[in-house]
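The next block holds one structure in the form of structure tokens; read it before the comments.
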Amino acid sequence: MTFNPLEQRGIPLDRQLRSWRELDVKPIDPDRCDPYTRCRIITMNGIEVEAIMFSHQLARNTVDPEVKRQLARVRYIEAQQQKVVNWLLPGVSSVLETTIAYEQVAVDLTAWVARMEPDPYLQQAYQFGVLEDFDHLYRYANLYEMIEHRKAESIVDGLTEVMPGRPTKFHHRDPVDNVRDPYAKDETNPLSKLHALTIMSAEQQTMNFYMNTGPTYMEPIARQLYQEIGLIEEEHVTHYESLVDPGETWWEQLVNHEYNECYLYYSFMEQESDPKVKAIWELHLNMELEHLHHACDLMRRHDGREPESVLAPELPNVLTFEPNKGYLRELLDTQMDLTTLGAGYVREAHERFEQMQEQIHGGEQPPSERVMAEHGAMFGREYRLQTEGEHPDPSQREK
Amino acid sequence: MSELSTPQAGDDHAEDTDVVSLLMRQHGDIRNLFDEVEACTGEERRDAFRRLVRLLAVHETAEEEVVHPFSRRALPGGEQVVADRLAEERAAKETLSALEDLDPGDPKFMPQLMRLRTDVQEHARAEERYEFTHIRRSTDVTNLAAMAKAVKAAEAMAPTRPHPGVESGAANMTLGPVAALMDRTRDAVRKAMGKDG
């Protein structure tokens, strides 16, 4: 069945406000939920946070008070959506547990997008990034066992493997090498725009999460690891946001945001295994359809163009959370030693990269290495979850 | 699932000089044992459940003897914080004693166990957030280490892993009922606290 959000009507905006009772959602059970339900929640929270912050930025660049008021109305509803979505996460989870779930999102969402991305340059950007989040998952999983004596498999549930990716210490690049070339808005496949927006939003939320929760830890190694990976998340936001064509007008970007929200709520509604959560995806889709129509009206009015000219004629295939183990193993086998140079990728450690490495590490081991040493001292081994056999790269097998 | 098993607090090579880190790792050990009970059946489940009950008994007794008294004395509003934790512990103990009377093969066993799992988990997080953070803030490394030592003395009362050469069932028999185990744990902790401080 094809679904064209432009042809559907949702819940009228003046009937979208929810009372406290409706906002008070029951959280998922952290130990017995479908891990991909949690991944969908974390993804949609990142999407809603981006929607809110984008709308704030747009409002700050808008002169017309009537338009400001319109943006405020929709944004308030989006703020309620964010509250409902993120409040599905249970209070009983620790920050580290949520962190591991964030990294599972980063791995399986980015890997899926990389598999489906039609543009080879954009695909390379996702392939490059996913191997870094994959390594973050491994480092945090080891920290988790040290602090809470629990294994990350109790969270990722064997759907995502946990083992080294591109070593975290090599993610610290000269900032200028994090800037990619953008797609061309009038030539690119509309699906590519949705992919870029989705991954950018997810990484941005991860950056926000680490920058705010990292200092809540008391253990020195935990504080330091969040600082290190938090900085890499900033690099990732730079990396992914630079893929988006900056020539898109504010109104075109607003339409893309709303369209992407429809796409994702529709996708997740189609797959959701938890009926209560599914009902939320469905409700929010019906709200987003109206937000999209409002955005389309603004684009017509301010740009004098039809939104259809920048959007896909129908929703692309649903975005899916599923294991990507084989695909990731292929990337581990072929792309571990890549770094960036300018807007491209190289295998050798070039001068600018070496300089950055020297300066940031200051001749010492970074937290991402020390966490492994401390874990080793405590348990005499590493924590890994290799459901499909040995690591594809012999140098990364456990000694 | 991986073959790795996480050793219990005391059996890893952590320094255990901080009572808060030690108790947090024990919270994980307790969750691991809940998972183990759920995952196996028959005699294995019975054995895992016995180990769970012992660890819970020892852990809660140690907290009551070492950590809560400190919080009551040293934290602003400590009385109330501890009263809240004790109420949670009482509720958990009630579920636990109901469970003890059931055979792990009984159809009522698993639903009760799941309820206990949720209660214990909520209680553990509440301790970590509303009690432990304040303990670290209110005392120094010497006292954190002294309290850790007392908790470790309690742990020694109940070997929670079947040790080589000792049939776990037999070991359990010699430990006797939970109430007696709690009494002995209390004595051991008090002795350790007296010696150290």
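In the structure tokens, each chain is lettered A, B, ... as it comes, each chain's residues begin at 1, and ligands are numbered from 1 in order of appearance.
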Next on the checklist: Could you work out which residues of chain A fall inside 12 Å of chain B? Count only C-alpha atoms, and format the result as a ChimeraX atom specification.
Outcome noted: /A:29-32,90-95,97,142-163,216-219,374-389
Next on the checklist: Taking only C-alpha atoms into account, name the residue in A:Val84, A:Leu332, A:Ala101, A:Val67 that is nearest to His302 in chain A.
Outcome noted: A:Val67
Checklist entry - Hey, which of B:Leu144, B:Met110, B:Val53, B:Ala153 ends up closest to Ala39 in chain B? Count only C-alpha atoms. => result B:Met110
Checklist entry - Quick one: of A:Leu319, A:Ala343, A:Leu285, A:Met299, who's nearest to Pro5 in chain A, counting only C-alpha atoms? => result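 Nearest to Pro5 in chain A: A:Leu285.
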Next on the checklist: Rounded to one decimal, what separation in Å do you get between CA of Val244 in chain A and CA of Asn189 in chain A?
Outcome noted: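 Interatomic distance here is 12.4 Å.
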Next on the checklist: What's around range 220-228 of chain A at 10 Å? Count only C-alpha atoms, leave out sequence neighbours fewer than 4 positions away in its own chain, and write the answer as a PyMOL selection string.
Outcome noted: chain A and resi 96+99+136+139-140+143-144+146-147+168-169+171-172+207+209-216+232-233+366-371+374
Checklist entry - So how far away is CA of Arg72 in chain B from CA of Ala92 in chain B, in Å? => result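 Computed distance, CA of Ala92 in chain B to CA of Arg72 in chain B, equals 20.9 Å.
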Next on the checklist: Among chain B, which ones does DSSP assign to alpha helix (DSSP H) (computed from the backbone)? Answer as a PyMOL selection string.
Outcome noted: chain B and resi 19-39+42-62+68-74+78-100+109-127+133-138+141-155+168-175+178-196
Checklist entry - Do you know which residues are at most 12 Å from range 188-193 of chain B counting only C-alpha atoms, after dropping those on the same chain fewer than 3 positions away, and could you put them as a ChimeraX atom specification? => result /B:58-67,69-70,143,145-158,181-185,196-197
Given the selection you just returned, output its residues as a file containing C-alpha atoms, formatted as a tab-separated table (two decimals), in the first residue's frame.
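Result written to again_17.tsv:
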```
chain	number	residue	atom	x	y	z
B	58	VAL	CA	22.91	-10.69	53.03
B	59	HIS	CA	22.84	-7.55	50.90
B	60	GLU	CA	19.78	-6.07	52.59
B	61	THR	CA	21.05	-6.94	56.07
B	62	ALA	CA	24.39	-5.31	55.33
B	63	GLU	CA	22.64	-2.19	54.08
B	64	GLU	CA	20.46	-2.08	57.16
B	65	GLU	CA	23.42	-2.46	59.46
B	66	VAL	CA	26.03	-0.35	57.70
B	67	VAL	CA	24.58	2.10	55.22
B	69	PRO	CA	22.47	3.96	60.07
B	70	PHE	CA	25.12	6.17	58.50
B	143	ASN	CA	34.80	5.94	56.03
B	145	ALA	CA	36.44	2.05	52.86
B	146	ALA	CA	35.48	1.10	56.41
B	147	MET	CA	31.86	0.64	55.37
B	148	ALA	CA	33.00	-1.38	52.36
B	149	LYS	CA	34.92	-3.67	54.66
B	150	ALA	CA	31.86	-4.24	56.84
B	151	VAL	CA	29.73	-5.07	53.79
B	152	LYS	CA	32.39	-7.52	52.65
B	153	ALA	CA	32.32	-9.19	56.05
B	154	ALA	CA	28.62	-9.70	55.52
B	155	GLU	CA	29.17	-11.15	52.08
B	156	ALA	CA	31.51	-13.76	53.51
B	157	MET	CA	28.56	-15.14	55.45
B	158	ALA	CA	26.92	-16.46	52.35
B	181	LEU	CA	21.30	-16.20	57.97
B	182	MET	CA	20.26	-12.60	58.49
B	183	ASP	CA	21.04	-12.90	62.19
B	184	ARG	CA	24.48	-14.30	61.54
B	185	THR	CA	25.14	-11.62	58.91
B	196	ASP	CA	37.23	-1.02	62.48
B	197	GLY	CA	35.69	1.73	64.09
```
Next on the checklist: Could you go through range 213-372 of chain A and tell me which residues DSSP, when run on the backbone, assigns to strand (DSSP E or B), listing them as a ChimeraX atom specification?
Outcome noted: /A:339-341,344-346
Generate a file of the selected residues that holds N, CA and C atoms, formatted as a PDB file, in the first residue's frame.
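After the write, selection.pdb holds the following:
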```
ATOM      1  N   THR A 339      40.164   7.232   7.498  1.00  0.00           N
ATOM      2  CA  THR A 339      39.937   8.498   8.185  1.00  0.00           C
ATOM      3  C   THR A 339      39.514   9.502   7.108  1.00  0.00           C
ATOM      4  N   THR A 340      39.238  10.749   7.526  1.00  0.00           N
ATOM      5  CA  THR A 340      38.778  11.715   6.530  1.00  0.00           C
ATOM      6  C   THR A 340      39.896  12.694   6.201  1.00  0.00           C
ATOM      7  N   LEU A 341      39.880  13.184   4.989  1.00  0.00           N
ATOM      8  CA  LEU A 341      40.807  14.249   4.566  1.00  0.00           C
ATOM      9  C   LEU A 341      39.977  15.185   3.706  1.00  0.00           C
ATOM     10  N   GLY A 344      36.755  14.071   1.762  1.00  0.00           N
ATOM     11  CA  GLY A 344      36.877  12.686   1.311  1.00  0.00           C
ATOM     12  C   GLY A 344      37.479  11.774   2.374  1.00  0.00           C
ATOM     13  N   TYR A 345      37.821  10.556   1.951  1.00  0.00           N
ATOM     14  CA  TYR A 345      38.301   9.530   2.881  1.00  0.00           C
ATOM     15  C   TYR A 345      39.631   8.974   2.397  1.00  0.00           C
ATOM     16  N   VAL A 346      40.524   8.717   3.346  1.00  0.00           N
ATOM     17  CA  VAL A 346      41.823   8.137   2.993  1.00  0.00           C
ATOM     18  C   VAL A 346      42.174   7.033   3.990  1.00  0.00           C
TER      19      VAL A 346
END
```
Item to check | Separation of CA of Lys83 in chain A from CA of Ile199 in chain A, in Å and rounded to one decimal | outcome: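 Straight-line distance from CA of Lys83 in chain A to CA of Ile199 in chain A works out to 20.6 Å.
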Checklist entry - Which residue out of A:Ala184, A:Leu17, A:Val113, A:Ala279 has the minimum interatomic distance to Arg73 in chain A when only C-alpha atoms are used? => result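 Of the candidates, the smallest distance to Arg73 in chain A is held by A:Leu17.
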